[in-house]
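Shown here: data.txt, compact mmCIF, C-alpha atoms.
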# COMPACT_ATOMS: atom_id res chain seq x y z
CA MET V 941 -8.56 -30.16 89.09
CA LYS V 942 -10.63 -27.60 87.21
CA ASN V 943 -9.79 -23.97 87.57
CA VAL V 944 -12.47 -22.27 89.63
CA LYS V 945 -13.32 -18.75 88.52
CA LEU V 946 -13.53 -16.53 91.58
CA LYS V 947 -16.48 -14.19 91.65
CA SER V 948 -15.87 -10.51 92.25
CA PRO V 949 -17.42 -9.22 95.48
CA PRO V 950 -20.74 -7.51 94.86
CA GLN V 951 -20.41 -3.76 94.51
CA GLU V 952 -22.71 -1.41 96.34
CA PRO V 953 -24.96 0.54 93.98
CA LYS V 954 -23.94 4.14 93.52
CA PRO V 955 -26.41 6.68 94.90
CA ALA V 956 -28.44 8.47 92.31
CA LYS V 957 -27.05 11.87 91.46
CA ALA V 958 -29.15 14.89 92.30
CA THR V 959 -29.87 17.03 89.29
CA THR V 960 -29.89 20.77 88.94
CA ARG V 961 -29.91 23.16 86.06
CA ARG V 962 -26.72 23.25 84.08
CA THR V 963 -24.02 24.99 86.03
CA GLY V 964 -22.27 26.56 83.11
CA GLY V 965 -18.93 25.11 84.16
CA ARG V 966 -19.21 26.15 87.79
CA THR V 967 -17.94 23.79 90.46
CA GLY V 968 -19.05 23.32 94.05
CA PRO V 969 -21.68 21.40 96.03
CA ARG V 970 -24.75 20.45 94.04
CA SER V 971 -28.36 20.72 95.09
CA ALA V 972 -29.53 17.57 96.87
CA TYR V 973 -32.84 17.70 95.00
CA ARG V 974 -34.03 16.46 91.64
CA THR V 975 -35.73 19.00 89.39
CA ALA V 976 -39.17 17.52 90.13
CA GLU V 977 -38.54 17.81 93.87
CA VAL V 978 -37.60 21.49 93.60
CA GLU V 979 -40.76 22.06 91.56
CA GLU V 980 -42.84 20.41 94.29
CA ILE V 981 -41.17 22.40 97.08
CA PHE V 982 -42.08 25.72 95.50
CA ARG V 983 -45.52 24.50 94.43
CA ARG V 984 -46.29 23.87 98.10
CA PHE V 985 -44.92 27.25 99.14
CA SER V 986 -47.17 28.84 96.49
CA VAL V 987 -50.24 27.07 97.91
CA GLN V 988 -49.33 28.06 101.46
CA ARG V 989 -48.62 31.74 100.60
CA PRO V 990 -49.99 32.65 97.15
CA GLU V 991 -48.93 36.30 97.48
CA PRO V 992 -46.03 36.56 99.95
CA LYS V 993 -44.96 40.05 100.93
CA GLY V 994 -41.91 41.67 102.41
CA GLU V 995 -42.45 42.79 106.00
CA LEU V 996 -40.57 46.10 105.88
CA GLU V 997 -42.96 49.05 105.93
CA HIS V 998 -42.44 51.67 103.24
CA VAL V 999 -44.46 54.16 101.21
CA ASN V 1000 -42.40 54.48 98.01
CA PRO V 1001 -39.14 53.19 96.44
CA PHE V 1002 -37.05 55.72 98.38
CA THR V 1003 -38.36 54.69 101.79
CA LEU V 1004 -37.92 51.05 100.76
CA VAL V 1005 -34.23 51.66 99.99
CA VAL V 1006 -33.80 53.31 103.38
CA ALA V 1007 -35.72 50.59 105.24
CA VAL V 1008 -33.75 47.75 103.65
CA ALA V 1009 -30.44 49.52 104.29
CA LEU V 1010 -31.44 49.99 107.94
CA SER V 1011 -32.43 46.32 108.29
CA ALA V 1012 -28.83 45.04 108.11
CA GLN V 1013 -28.16 43.23 111.40
CA ALA V 1014 -31.60 44.26 112.66
CA THR V 1015 -35.11 42.77 112.64
CA ASP V 1016 -37.85 44.00 110.31
CA ALA V 1017 -40.06 44.64 113.35
CA GLY V 1018 -37.37 46.80 114.95
CA VAL V 1019 -36.82 48.76 111.73
CA ASN V 1020 -40.57 49.30 111.26
CA LYS V 1021 -40.91 50.65 114.78
CA ALA V 1022 -38.18 53.22 114.13
CA THR V 1023 -39.14 54.23 110.59
CA ARG V 1024 -42.87 54.84 111.07
CA GLN V 1025 -42.22 58.27 112.56
CA LEU V 1026 -39.19 58.92 110.35
CA PHE V 1027 -41.06 58.31 107.11
CA ALA V 1028 -43.98 60.43 108.31
CA VAL V 1029 -41.71 63.48 108.13
CA ALA V 1030 -39.15 62.43 105.51
CA ASP V 1031 -40.40 60.25 102.65
CA THR V 1032 -38.26 61.79 99.88
CA PRO V 1033 -34.50 62.31 99.50
CA GLU V 1034 -34.99 66.08 99.71
CA LYS V 1035 -36.92 65.88 103.00
CA MET V 1036 -34.41 63.40 104.45
CA LEU V 1037 -31.49 65.67 103.54
CA ALA V 1038 -33.27 68.65 105.09
CA LEU V 1039 -33.86 66.63 108.25
CA GLY V 1040 -30.12 66.16 108.70
CA GLU V 1041 -27.95 63.38 110.11
CA GLU V 1042 -28.42 64.27 113.77
CA ARG V 1043 -32.22 64.18 113.64
CA VAL V 1044 -32.17 60.97 111.56
CA ARG V 1045 -30.04 59.45 114.33
CA ASP V 1046 -32.68 60.40 116.88
CA TYR V 1047 -35.36 58.55 114.94
CA ILE V 1048 -33.35 55.34 114.38
CA LYS V 1049 -31.30 55.13 117.60
CA THR V 1050 -33.09 51.90 118.61
CA ILE V 1051 -31.57 50.15 115.57
CA GLY V 1052 -28.13 48.56 115.72
CA LEU V 1053 -25.27 50.55 114.14
CA TYR V 1054 -27.58 53.56 114.00
CA ARG V 1055 -24.81 56.18 113.82
CA ASN V 1056 -23.24 54.76 110.67
CA LYS V 1057 -26.65 54.01 109.18
CA ALA V 1058 -27.82 57.60 109.72
CA LYS V 1059 -24.70 58.81 107.94
CA ASN V 1060 -25.44 56.47 105.01
CA VAL V 1061 -29.10 57.54 104.82
CA ILE V 1062 -28.06 61.18 104.43
CA ALA V 1063 -25.30 60.29 101.95
CA LEU V 1064 -27.56 58.12 99.78
CA SER V 1065 -30.25 60.83 99.84
CA GLU V 1066 -27.69 63.37 98.63
CA LYS V 1067 -26.46 61.03 95.88
CA LEU V 1068 -30.00 60.32 94.70
CA ILE V 1069 -30.59 64.06 94.32
CA THR V 1070 -27.21 64.80 92.73
CA ASP V 1071 -26.86 61.80 90.39
CA PHE V 1072 -30.39 60.53 89.81
CA GLY V 1073 -32.67 63.56 90.00
CA GLY V 1074 -34.16 62.40 93.30
CA GLU V 1075 -35.43 59.14 91.77
CA VAL V 1076 -34.43 55.62 92.86
CA PRO V 1077 -32.58 53.97 89.95
CA ARG V 1078 -33.96 50.77 88.45
CA THR V 1079 -30.74 48.85 87.82
CA ARG V 1080 -28.58 46.87 90.22
CA GLU V 1081 -25.43 48.50 88.92
CA GLU V 1082 -26.73 51.97 89.79
CA LEU V 1083 -28.34 50.98 93.10
CA VAL V 1084 -25.11 49.55 94.55
CA THR V 1085 -23.40 52.93 94.01
CA LEU V 1086 -25.59 54.36 96.79
CA PRO V 1087 -23.93 54.53 100.24
CA GLY V 1088 -25.01 51.65 102.46
CA VAL V 1089 -26.60 49.74 99.56
CA GLY V 1090 -25.10 46.36 98.69
CA ARG V 1091 -26.20 43.64 96.33
CA LYS V 1092 -28.80 42.21 98.74
CA THR V 1093 -30.46 45.59 99.29
CA ALA V 1094 -30.41 46.29 95.56
CA ASN V 1095 -32.08 42.95 94.82
CA VAL V 1096 -34.83 43.61 97.39
CA VAL V 1097 -35.55 47.03 95.88
CA LEU V 1098 -35.59 45.69 92.32
CA SER V 1099 -38.07 43.01 93.37
CA MET V 1100 -40.37 44.90 95.73
CA ALA V 1101 -40.34 48.35 94.12
CA PHE V 1102 -39.95 47.50 90.45
CA GLY V 1103 -41.30 43.94 90.08
CA GLN V 1104 -38.10 42.34 88.85
CA PRO V 1105 -37.50 38.65 89.73
CA THR V 1106 -34.35 38.67 91.86
CA MET V 1107 -32.89 36.58 94.67
CA ALA V 1108 -31.81 38.69 97.64
CA VAL V 1109 -29.81 36.41 99.95
CA ASP V 1110 -30.18 37.49 103.57
CA THR V 1111 -29.26 35.47 106.67
CA HIS V 1112 -32.48 33.42 106.48
CA ILE V 1113 -32.04 32.44 102.84
CA PHE V 1114 -28.33 31.73 103.27
CA ARG V 1115 -29.13 29.43 106.20
CA ILE V 1116 -32.04 27.66 104.48
CA ALA V 1117 -30.20 27.09 101.20
CA ASN V 1118 -27.34 25.40 103.04
CA ARG V 1119 -29.31 23.69 105.81
CA ILE V 1120 -31.76 21.86 103.56
CA ARG V 1121 -29.07 21.48 100.84
CA LEU V 1122 -31.21 23.20 98.23
CA ALA V 1123 -28.45 25.50 96.97
CA PRO V 1124 -25.26 25.08 99.02
CA GLY V 1125 -22.71 27.87 98.87
CA LYS V 1126 -19.98 29.43 100.99
CA THR V 1127 -20.96 33.02 100.30
CA PRO V 1128 -24.24 34.88 99.69
CA ASP V 1129 -23.22 35.44 96.07
CA GLU V 1130 -22.63 31.70 95.56
CA VAL V 1131 -26.00 30.87 97.11
CA GLU V 1132 -27.73 33.52 94.99
CA ALA V 1133 -26.25 32.14 91.77
CA HIS V 1134 -27.10 28.57 92.78
CA LEU V 1135 -30.71 29.41 93.67
CA LEU V 1136 -31.18 31.21 90.37
CA ARG V 1137 -30.10 28.01 88.61
CA VAL V 1138 -32.32 25.56 90.51
CA ILE V 1139 -35.54 27.49 91.16
CA PRO V 1140 -38.09 27.11 88.34
CA GLU V 1141 -38.54 30.40 86.50
CA HIS V 1142 -42.30 30.51 87.06
CA TYR V 1143 -41.70 30.55 90.84
CA LEU V 1144 -38.72 32.90 90.86
CA PHE V 1145 -40.55 36.18 91.47
CA HIS V 1146 -41.93 35.09 94.87
CA ALA V 1147 -39.16 32.63 95.79
CA HIS V 1148 -37.17 35.20 97.76
CA HIS V 1149 -40.08 35.92 100.11
CA TRP V 1150 -41.14 32.28 100.41
CA LEU V 1151 -37.68 31.28 101.58
CA ILE V 1152 -37.34 34.23 103.98
CA LEU V 1153 -40.72 33.58 105.58
CA HIS V 1154 -40.01 29.84 105.79
CA GLY V 1155 -36.74 30.60 107.58
CA ARG V 1156 -38.27 33.23 109.83
CA TYR V 1157 -41.31 31.27 111.01
CA VAL V 1158 -40.63 27.55 110.45
CA CYS V 1159 -37.03 26.58 109.68
CA LYS V 1160 -35.74 28.81 112.49
CA ALA V 1161 -32.08 29.40 113.22
CA ARG V 1162 -31.91 27.80 116.67
CA ARG V 1163 -34.22 24.87 116.08
CA PRO V 1164 -36.18 24.09 112.92
CA GLU V 1165 -39.86 23.42 113.67
CA CYS V 1166 -40.11 20.44 111.32
CA GLU V 1167 -43.54 19.44 112.60
CA ARG V 1168 -44.88 22.70 111.09
CA CYS V 1169 -43.07 22.29 107.75
CA VAL V 1170 -45.02 21.61 104.54
CA ILE V 1171 -41.93 20.14 102.86
CA ALA V 1172 -40.81 17.88 105.74
CA ASP V 1173 -41.11 14.74 103.59
CA LEU V 1174 -38.98 16.26 100.81
CA CYS V 1175 -36.41 18.00 103.03
CA LYS V 1176 -32.90 16.51 102.97
CA SER V 1177 -31.50 18.42 105.94
CA PRO V 1178 -29.39 16.35 108.37
CA GLU V 1179 -31.09 18.37 111.15
CA LYS V 1180 -34.58 17.22 110.17
CA THR V 1181 -36.63 15.79 113.06
CA CYS V 1182 -39.85 14.90 111.25
CA ASP V 1183 -40.76 13.21 107.95
CA ILE V 1184 -44.46 14.00 107.98
CA PRO V 1185 -45.36 17.27 106.22
CA ALA V 1186 -47.68 19.75 107.88
CA PRO V 1187 -51.12 20.11 106.25
CA LEU V 1188 -50.87 22.09 103.02
CA VAL V 1189 -53.36 24.88 103.56
CA GLU V 1190 -53.30 28.55 102.66
CA LEU V 1191 -52.14 30.68 105.57
CA PRO V 1192 -54.05 33.80 106.68
CA PRO V 1193 -52.98 37.00 104.88
CA GLN V 1194 -49.87 38.63 106.29
CA ALA V 1195 -50.55 41.48 108.70
CA ILE V 1196 -48.55 44.19 106.95
CA SER V 1197 -49.16 47.82 107.87
CA VAL V 1198 -50.96 50.03 105.35
CA ALA V 1199 -47.76 52.07 105.22
CA ALA V 1200 -46.06 49.14 103.49
CA ARG V 1201 -48.07 49.62 100.32
CA SER V 1202 -45.89 51.26 97.69
CA ARG V 1203 -47.55 54.20 96.07
Let me see whether you can do it: turn the structure in this file into structure tokens.
Amino acid sequence: MKNVKLKSPPQEPKPAKATTRRTGGRTGPRSAYRTAEVEEIFRRFSVQRPEPKGELEHVNPFTLVVAVALSAQATDAGVNKATRQLFAVADTPEKMLALGEERVRDYIKTIGLYRNKAKNVIALSEKLITDFGGEVPRTREELVTLPGVGRKTANVVLSMAFGQPTMAVDTHIFRIANRIRLAPGKTPDEVEAHLLRVIPEHYLFHAHHWLILHGRYVCKARRPECERCVIADLCKSPEKTCDIPAPLVELPPQAISVAARSR
């Protein structure tokens, strides 16, 4: 009897690996998207909102620092409501210091953690005068020395006040990056580093606002509104409920108060 050569059972094909920019030796979850897919995601965001804007009202770099610091664990709308009157009387570190902690508290008492935030606003105003001649510094290293200013706040200020391409990871961006598996990470710093690696450089300046606005108005925390999403066909979120992208049209200009224009 001839020896019969047994065939090996067929092996399932391995799934194609998602590609990202080189990680520089870093380990951790990879982006679920190929480079071309990331390019297309941000191309669509750029068509939908060619000039996205932050929604915190401010009149200069100082009031922006204060507004962003006050926005921790608060909504932009709530901060704007409180700061309109505050910034009308105190739009410089010197005026804020002269106003005093107690009166600052009165203006921002509708914002969560307002007592501690008022203390930080006075302290950062004093430090700006003492250490920086009353001017908001233009480097992250200097900004994070201000009381109440962390890396996220510093990144927002560098981007919105000084035109530097940064990635400020707030709750919306942290959620989006992990939910749609664009840039998974366990901490905001991990997500920031991952996003900086995968987002094409020519989209980086506006990417922070595109992701925030997408998380605020479409990919919402409680339930993502996938039927309104322009990247529904590309999205790799396990929570996705729709594969048909919303029409890719430019949205109406954002209704930002005149006070939000930096001077």
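Between CA of Ser1011 in chain V and CA of Asp1046 in chain V there is a distance of 16.5 Å.
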Determine, counting all atoms listed in the file, which protein, DNA and RNA residues have an atom within 7 Å of an atom of range 1132-1143 of chain V; residues of the same chain fewer than 4 positions away are not included. Present the result as a JSON list (two decimals) with C-alpha atoms, in the coordinates of the input.
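Ended up saving to result.json:
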[["chain", "number", "residue", "atom", "x", "y", "z"],
["V", 960, "THR", "CA", -29.89, 20.77, 88.94],
["V", 961, "ARG", "CA", -29.91, 23.16, 86.06],
["V", 978, "VAL", "CA", -37.60, 21.49, 93.60],
["V", 979, "GLU", "CA", -40.76, 22.06, 91.56],
["V", 982, "PHE", "CA", -42.08, 25.72, 95.50],
["V", 1107, "MET", "CA", -32.89, 36.58, 94.67],
["V", 1109, "VAL", "CA", -29.81, 36.41, 99.95],
["V", 1123, "ALA", "CA", -28.45, 25.50, 96.97],
["V", 1128, "PRO", "CA", -24.24, 34.88, 99.69],
["V", 1147, "ALA", "CA", -39.16, 32.63, 95.79]]
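Counting all atoms listed in the file and comparing V:Val1084, V:Ala1028, V:Leu1053, V:Val1005, the residue that lies closest to Ser1065 in chain V is V:Val1005.
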- prompt: Which residue out of V:Ala976, V:Leu1083, V:Ile1113, V:Ala1012 has the minimum interatomic distance to Asn1056 in chain V when all atoms listed in the file are used?
  reply: V:Ala1012
message: Give me, as number ranges by chain, all polymer residues having an atom no more than 10 Å from range 1172-1180 of chain V, counting all atoms listed in the file and skipping those fewer than 5 positions away in the same chain.
response: V: 972-973, 977-978, 980-981, 1116-1122, 1159, 1163-1167, 1185-1186
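Put simply, CA of Ile1062 in chain V is 12.7 Å away from CA of Ile1048 in chain V.
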- request: Would you mind reading off the distance between CA of Cys1182 in chain V and CA of Arg1168 in chain V, one decimal, in Å?
  value: 9.3 Å
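Non-sequential neighbours of Glu1081 in chain V (distance at most 12 Å, separation of 2 or more positions within a chain, all atoms listed in the file) are Pro1077, Arg1078, Thr1079, Leu1083, Val1084, Thr1085, Leu1086, Val1089, Gly1090, Arg1091, Thr1093, Ala1094, Asn1095 and Leu1098 of chain V.
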If we count all atoms listed in the file and set the cut-off at 8 Å, which residues sit around range 988-994 of chain V, ignoring sequence neighbours fewer than 3 positions away in its own chain? Please answer as a compact mmCIF listing (two decimals) with C-alpha atoms, in the coordinates of the input.
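In the end it all went to result03.txt:
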# COMPACT_ATOMS: atom_id res chain seq x y z
CA ARG V 984 -46.29 23.87 98.10
CA PHE V 985 -44.92 27.25 99.14
CA MET V 1100 -40.37 44.90 95.73
CA HIS V 1146 -41.93 35.09 94.87
CA HIS V 1149 -40.08 35.92 100.11
CA TRP V 1150 -41.14 32.28 100.41
CA LEU V 1188 -50.87 22.09 103.02
CA VAL V 1189 -53.36 24.88 103.56
CA GLU V 1190 -53.30 28.55 102.66
CA LEU V 1191 -52.14 30.68 105.57
CA GLN V 1194 -49.87 38.63 106.29
- request: Determine, counting only C-alpha atoms, which protein, DNA and RNA residues have an atom within 8 Å of an atom of range 1020-1023 of chain V; residues of the same chain fewer than 4 positions away are not included. Present the result as a ChimeraX atom specification.
  value: /V:996-997,1007,1016,1027,1047-1051
message: From the options V:Pro969, V:Gly1052, V:Pro1124, V:Pro1105, which residue's atoms come nearest to Leu1144 in chain V, counting only C-alpha atoms?
response: V:Pro1105
